[in-house]
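Asker: Okay, handing you the structure first.
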Amino acid sequence: MAHTKIMGILNVTPDSFSDGGKYNSIEAALKRAEKMIEEGVDIIDIGGISTRPGYEEITVEEELERVVPVVKALKHLDIQLSVDTYRSEVAEAVMELGVSMINDQWAGLHDARIFEIVAKYEGEIVLMHNGNGERTEPVVDEMLLYLLKQANKAEVAGIPQEKVWIDPGIGFAKTREEEKEVMARIDELVATGYPVLLATSRKRFIKEMIGGDTAPTERDEATAATTAYGIMQGVKAVRVHNVVLNARLGQSMDYLKENSDERHNIS
């Protein structure tokens, strides 16, 4: 059984909600990447645009200035690199350097050319459910239609199904009640046949789940609970800040799940 992949978050922005400014120098980013590799990361997801509430849009040039030098500094590492961007210009620049995954929070709706770029470099793409929060149908129905439609576009562009990931978009364009509904029905995303990435790490959903006025860095244990739940539901990867905690938990969950499956097969 393939193990659940751990995608480690490497924000190279000055204003990320959890670790803004902490890794926005090449030296700090490289050191953090090397540490994540020691801790068991499978994919390092580099982000040059903050998506925290109230974030300010930056230009393509600014995003390239933040991300490209970090990719150049990390590309010699023996690890898969992903870049969190919805712009085809950025995707092309980093994939030319060896990045093999693009994590698009707008699932190709902001810039449809991103599908062509990922297909050209034979890479993988993550499609996340997003929007303005206004809907005329239940959130899970909308999410499934949204993601399947965009996944189909990715395949038509030449990206194989197994390289098209879908992400329910916890923390984006949803109320807390809607996020509860989405989490309760993650298995329906898994049933589509596309690999599912779950990204809950340190988000407001986690804060609401545990209650109290917690800082983002105080939400790691509760994040790990969603990792365990996601693995039970069949997700293929989790995107997290605390790599070592989730890697150990993921390894343990995979072990228990594999042995449970073997026992059922024998009986």
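Note on naming: chains are A, B, ... as they come in the structure tokens, residues start from 1 per chain, ligands start from 1 in the order shown.
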Identify, on the basis of only C-alpha atoms, every residue whose closest approach to segment 219-232 of chain A does not exceed 6 Å; exclude the query and any residue fewer than 5 positions from it along the same chain; express the result as a VMD selection string.
Answerer: chain A and resid 201 to 202 246
Asker: Would you save the residues of that selection, restricted to N, CA, C and O atoms, as a short mmCIF file (atom, residue, chain, number, x, y, z; two decimals), in the first residue's frame?
Answerer:
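For reference, result37.cif as written:
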data_model
loop_
_atom_site.label_atom_id
_atom_site.label_comp_id
_atom_site.auth_asym_id
_atom_site.auth_seq_id
_atom_site.Cartn_x
_atom_site.Cartn_y
_atom_site.Cartn_z
N SER A 201 -4.16 22.45 7.90
CA SER A 201 -3.16 22.82 8.89
C SER A 201 -3.30 24.23 9.46
O SER A 201 -3.24 25.22 8.73
N ARG A 202 -3.54 24.28 10.78
CA ARG A 202 -3.57 25.51 11.57
C ARG A 202 -4.66 26.50 11.15
O ARG A 202 -4.64 27.66 11.58
N ASN A 246 3.05 15.06 11.77
CA ASN A 246 2.14 14.44 10.81
C ASN A 246 2.78 13.27 10.07
O ASN A 246 2.10 12.31 9.70
#
Asker: Show me, as an NGL selection string, the residues that have an atom within 10 Å of Gln233 of chain A when counting only C-alpha atoms, minus same-chain residues fewer than 4 positions from it.
Answerer: :A and (183-191 or 227-229)
Asker: Limited to all heavy atoms, could you put the picked residues into a file as a compact mmCIF listing (two decimals), in the first residue's frame?
Answerer:
# COMPACT_ATOMS: atom_id res chain seq x y z
N MET A 183 -15.89 18.05 5.46
CA MET A 183 -15.04 17.07 6.14
C MET A 183 -15.79 15.77 6.37
O MET A 183 -15.21 14.68 6.25
CB MET A 183 -14.54 17.64 7.47
CG MET A 183 -13.50 18.74 7.33
SD MET A 183 -11.93 18.16 6.64
CE MET A 183 -11.30 17.13 7.96
N ALA A 184 -17.07 15.86 6.68
CA ALA A 184 -17.87 14.66 6.93
C ALA A 184 -18.06 13.82 5.68
O ALA A 184 -18.36 12.63 5.77
CB ALA A 184 -19.23 15.06 7.51
N ARG A 185 -17.85 14.46 4.52
CA ARG A 185 -18.11 13.76 3.25
C ARG A 185 -16.86 13.67 2.36
O ARG A 185 -16.96 13.58 1.15
CB ARG A 185 -19.27 14.44 2.53
CG ARG A 185 -20.57 14.33 3.30
CD ARG A 185 -21.68 15.19 2.73
NE ARG A 185 -22.07 14.79 1.38
CZ ARG A 185 -23.00 15.44 0.66
NH1 ARG A 185 -23.62 16.49 1.17
NH2 ARG A 185 -23.29 15.02 -0.56
N ILE A 186 -15.69 13.69 2.99
CA ILE A 186 -14.43 13.57 2.25
C ILE A 186 -14.39 12.30 1.42
O ILE A 186 -13.81 12.25 0.33
CB ILE A 186 -13.23 13.61 3.23
CG1 ILE A 186 -13.00 15.03 3.74
CG2 ILE A 186 -11.95 13.10 2.56
CD1 ILE A 186 -12.50 16.01 2.71
N ASP A 187 -15.05 11.25 1.93
CA ASP A 187 -15.04 9.98 1.20
C ASP A 187 -15.66 10.10 -0.19
O ASP A 187 -15.32 9.34 -1.10
CB ASP A 187 -15.76 8.90 2.01
CG ASP A 187 -17.21 9.24 2.31
OD1 ASP A 187 -17.53 10.43 2.51
OD2 ASP A 187 -18.03 8.30 2.34
N GLU A 188 -16.55 11.07 -0.38
CA GLU A 188 -17.15 11.27 -1.69
C GLU A 188 -16.14 11.85 -2.68
O GLU A 188 -16.19 11.56 -3.88
CB GLU A 188 -18.38 12.18 -1.58
CG GLU A 188 -19.51 11.54 -0.80
CD GLU A 188 -20.74 12.43 -0.69
OE1 GLU A 188 -21.10 13.09 -1.69
OE2 GLU A 188 -21.35 12.46 0.40
N LEU A 189 -15.22 12.66 -2.18
CA LEU A 189 -14.13 13.14 -3.03
C LEU A 189 -13.21 11.98 -3.40
O LEU A 189 -12.79 11.84 -4.55
CB LEU A 189 -13.31 14.22 -2.30
CG LEU A 189 -13.72 15.68 -2.42
CD1 LEU A 189 -12.72 16.55 -1.69
CD2 LEU A 189 -13.83 16.09 -3.87
N VAL A 190 -12.88 11.16 -2.41
CA VAL A 190 -12.01 10.00 -2.64
C VAL A 190 -12.64 9.08 -3.69
O VAL A 190 -11.94 8.52 -4.55
CB VAL A 190 -11.76 9.25 -1.32
CG1 VAL A 190 -11.02 7.94 -1.57
CG2 VAL A 190 -10.97 10.13 -0.35
N ALA A 191 -13.95 8.94 -3.64
CA ALA A 191 -14.65 8.03 -4.55
C ALA A 191 -14.60 8.48 -6.01
O ALA A 191 -14.89 7.69 -6.90
CB ALA A 191 -16.11 7.89 -4.11
N THR A 227 -5.51 14.81 10.04
CA THR A 227 -4.66 13.94 9.21
C THR A 227 -5.07 12.48 9.38
O THR A 227 -5.25 11.75 8.40
CB THR A 227 -3.18 14.11 9.58
OG1 THR A 227 -2.75 15.45 9.24
CG2 THR A 227 -2.29 13.11 8.85
N ALA A 228 -5.23 12.06 10.63
CA ALA A 228 -5.64 10.68 10.91
C ALA A 228 -7.01 10.40 10.29
O ALA A 228 -7.21 9.35 9.66
CB ALA A 228 -5.68 10.44 12.42
N TYR A 229 -7.92 11.33 10.46
CA TYR A 229 -9.26 11.16 9.90
C TYR A 229 -9.21 11.07 8.38
O TYR A 229 -9.85 10.21 7.77
CB TYR A 229 -10.14 12.33 10.33
CG TYR A 229 -11.48 12.38 9.66
CD1 TYR A 229 -12.51 11.54 10.06
CD2 TYR A 229 -11.72 13.27 8.61
CE1 TYR A 229 -13.75 11.58 9.43
CE2 TYR A 229 -12.95 13.31 7.97
CZ TYR A 229 -13.96 12.47 8.39
OH TYR A 229 -15.18 12.50 7.76
Asker: So the first atom is atom CA of Glu65 of chain A and the second is atom CA of Gly48 of chain A; what is the distance between them in Å, to one decimal place?
Answerer: 8.8 Å
Asker: Considering only C-alpha atoms, return as a ChimeraX atom specification whatever protein or nucleic-acid residues lie within 12 Å of Ala107 of chain A, sequence-local ones (same chain, fewer than 5 positions apart) excluded.
Answerer: /A:84-88,102,112-115,125-131,143,146-154,164-169
Asker: Quick one, how far is atom CA of Thr13 of chain A from atom CA of Ile159 of chain A?
Answerer: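 Spanning atom CA of Thr13 of chain A to atom CA of Ile159 of chain A is a straight-line distance of 29.2 Å.
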Asker: Residues near Lys35 of chain A, anyone? I mean within 12 Å using only C-alpha atoms, not counting same-chain ones fewer than 3 positions away, as a PyMOL selection string.
Answerer: chain A and resi 8+10+28-32+38-41+44+77+242-244
Asker: Could you turn the residues from that selection into a file that holds N, CA, C and O atoms, as a compact mmCIF listing (two decimals), in the first residue's frame?
Answerer:
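Printed below is again34.txt as written:
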# COMPACT_ATOMS: atom_id res chain seq x y z
N GLY A 8 4.93 19.41 2.91
CA GLY A 8 5.33 20.42 3.87
C GLY A 8 5.21 21.82 3.30
O GLY A 8 5.56 22.06 2.15
N LEU A 10 6.14 25.61 2.79
CA LEU A 10 7.28 26.53 2.86
C LEU A 10 6.84 27.87 2.30
O LEU A 10 6.90 28.12 1.09
N ALA A 28 17.21 30.95 4.90
CA ALA A 28 16.22 30.41 5.83
C ALA A 28 15.34 29.35 5.16
O ALA A 28 15.00 28.33 5.77
N ALA A 29 14.97 29.59 3.90
CA ALA A 29 14.13 28.65 3.17
C ALA A 29 14.87 27.32 2.96
O ALA A 29 14.30 26.24 3.12
N LEU A 30 16.15 27.40 2.60
CA LEU A 30 16.94 26.19 2.39
C LEU A 30 17.09 25.40 3.69
O LEU A 30 16.95 24.17 3.71
N LYS A 31 17.35 26.11 4.76
CA LYS A 31 17.51 25.45 6.06
C LYS A 31 16.22 24.75 6.47
O LYS A 31 16.23 23.62 6.96
N ARG A 32 15.09 25.42 6.25
CA ARG A 32 13.80 24.83 6.61
C ARG A 32 13.51 23.61 5.72
O ARG A 32 13.01 22.58 6.21
N GLU A 38 14.63 15.91 6.72
CA GLU A 38 15.02 15.09 7.88
C GLU A 38 13.79 14.56 8.61
O GLU A 38 13.80 13.45 9.14
N GLU A 39 12.73 15.35 8.63
CA GLU A 39 11.53 15.01 9.39
C GLU A 39 10.58 14.07 8.64
O GLU A 39 9.59 13.61 9.20
N GLY A 40 10.88 13.80 7.36
CA GLY A 40 10.07 12.84 6.63
C GLY A 40 9.12 13.39 5.60
O GLY A 40 8.16 12.72 5.20
N VAL A 41 9.36 14.60 5.12
CA VAL A 41 8.48 15.20 4.13
C VAL A 41 8.62 14.48 2.78
O VAL A 41 9.69 13.93 2.46
N ILE A 44 7.67 19.35 -0.92
CA ILE A 44 7.78 20.69 -0.32
C ILE A 44 7.02 21.65 -1.22
O ILE A 44 7.32 21.78 -2.41
N LEU A 77 18.06 19.39 -4.06
CA LEU A 77 17.65 18.48 -2.99
C LEU A 77 16.91 17.28 -3.58
O LEU A 77 16.17 17.40 -4.55
N ASN A 242 3.59 21.39 10.47
CA ASN A 242 4.38 20.56 11.37
C ASN A 242 4.61 19.21 10.70
O ASN A 242 3.79 18.29 10.80
N VAL A 243 5.74 19.06 10.04
CA VAL A 243 6.01 17.86 9.25
C VAL A 243 6.24 16.64 10.13
O VAL A 243 5.65 15.57 9.92
N VAL A 244 7.10 16.76 11.13
CA VAL A 244 7.49 15.58 11.91
C VAL A 244 6.29 14.95 12.61
O VAL A 244 6.14 13.71 12.62
Asker: DSSP on the backbone: which residues in segment 20-141 of chain A end up as alpha helix (DSSP H)? Give the answer as a PyMOL selection string.
Answerer: chain A and resi 26-39+60-74+88-95+113-120+139-141
Asker: Record the distance separating atom CA of Glu57 of chain A and atom CA of Leu197 of chain A, expressed in Å with one decimal.
Answerer: 24.9 Å
Asker: For Ala2 of chain A, list every protein, DNA or RNA residue within 10 Å, evaluated using only C-alpha atoms, and leave out those in the same chain fewer than 5 positions away; present the list as a PyMOL selection string.
Answerer: chain A and resi 236+254+258
Asker: Keeping N, CA and C atoms, export the residues of the selection given above as a PDB file, in the first residue's frame.
Answerer:
ATOM      1  N   LYS A 236      -4.828  10.848  -0.140  1.00  0.00           N
ATOM      2  CA  LYS A 236      -3.499  10.395  -0.540  1.00  0.00           C
ATOM      3  C   LYS A 236      -2.371  11.286  -0.017  1.00  0.00           C
ATOM      4  N   ASP A 254      -0.832   4.468   8.401  1.00  0.00           N
ATOM      5  CA  ASP A 254      -0.653   3.609   7.231  1.00  0.00           C
ATOM      6  C   ASP A 254      -0.345   2.169   7.655  1.00  0.00           C
ATOM      7  N   GLU A 258      -2.782  -0.879   6.819  1.00  0.00           N
ATOM      8  CA  GLU A 258      -2.281  -1.970   5.990  1.00  0.00           C
ATOM      9  C   GLU A 258      -2.473  -3.313   6.685  1.00  0.00           C
TER      10      GLU A 258
END
Asker: If you run DSSP on this backbone, which residues of segment 117-254 of chain A come out as strand (DSSP E), and could you give them as a count of residues only?
Answerer: 15
Asker: Which residues are near Thr4 of chain A? Cut-off 9 Å, only C-alpha atoms, ignore same chain within fewer than 4 positions. Put them as a list in words.
Answerer: Ile231, Gly234, Val235, Lys236, Ala237, Val238, Ala247, Gly250, Gln251, Met253 and Asp254 of chain A
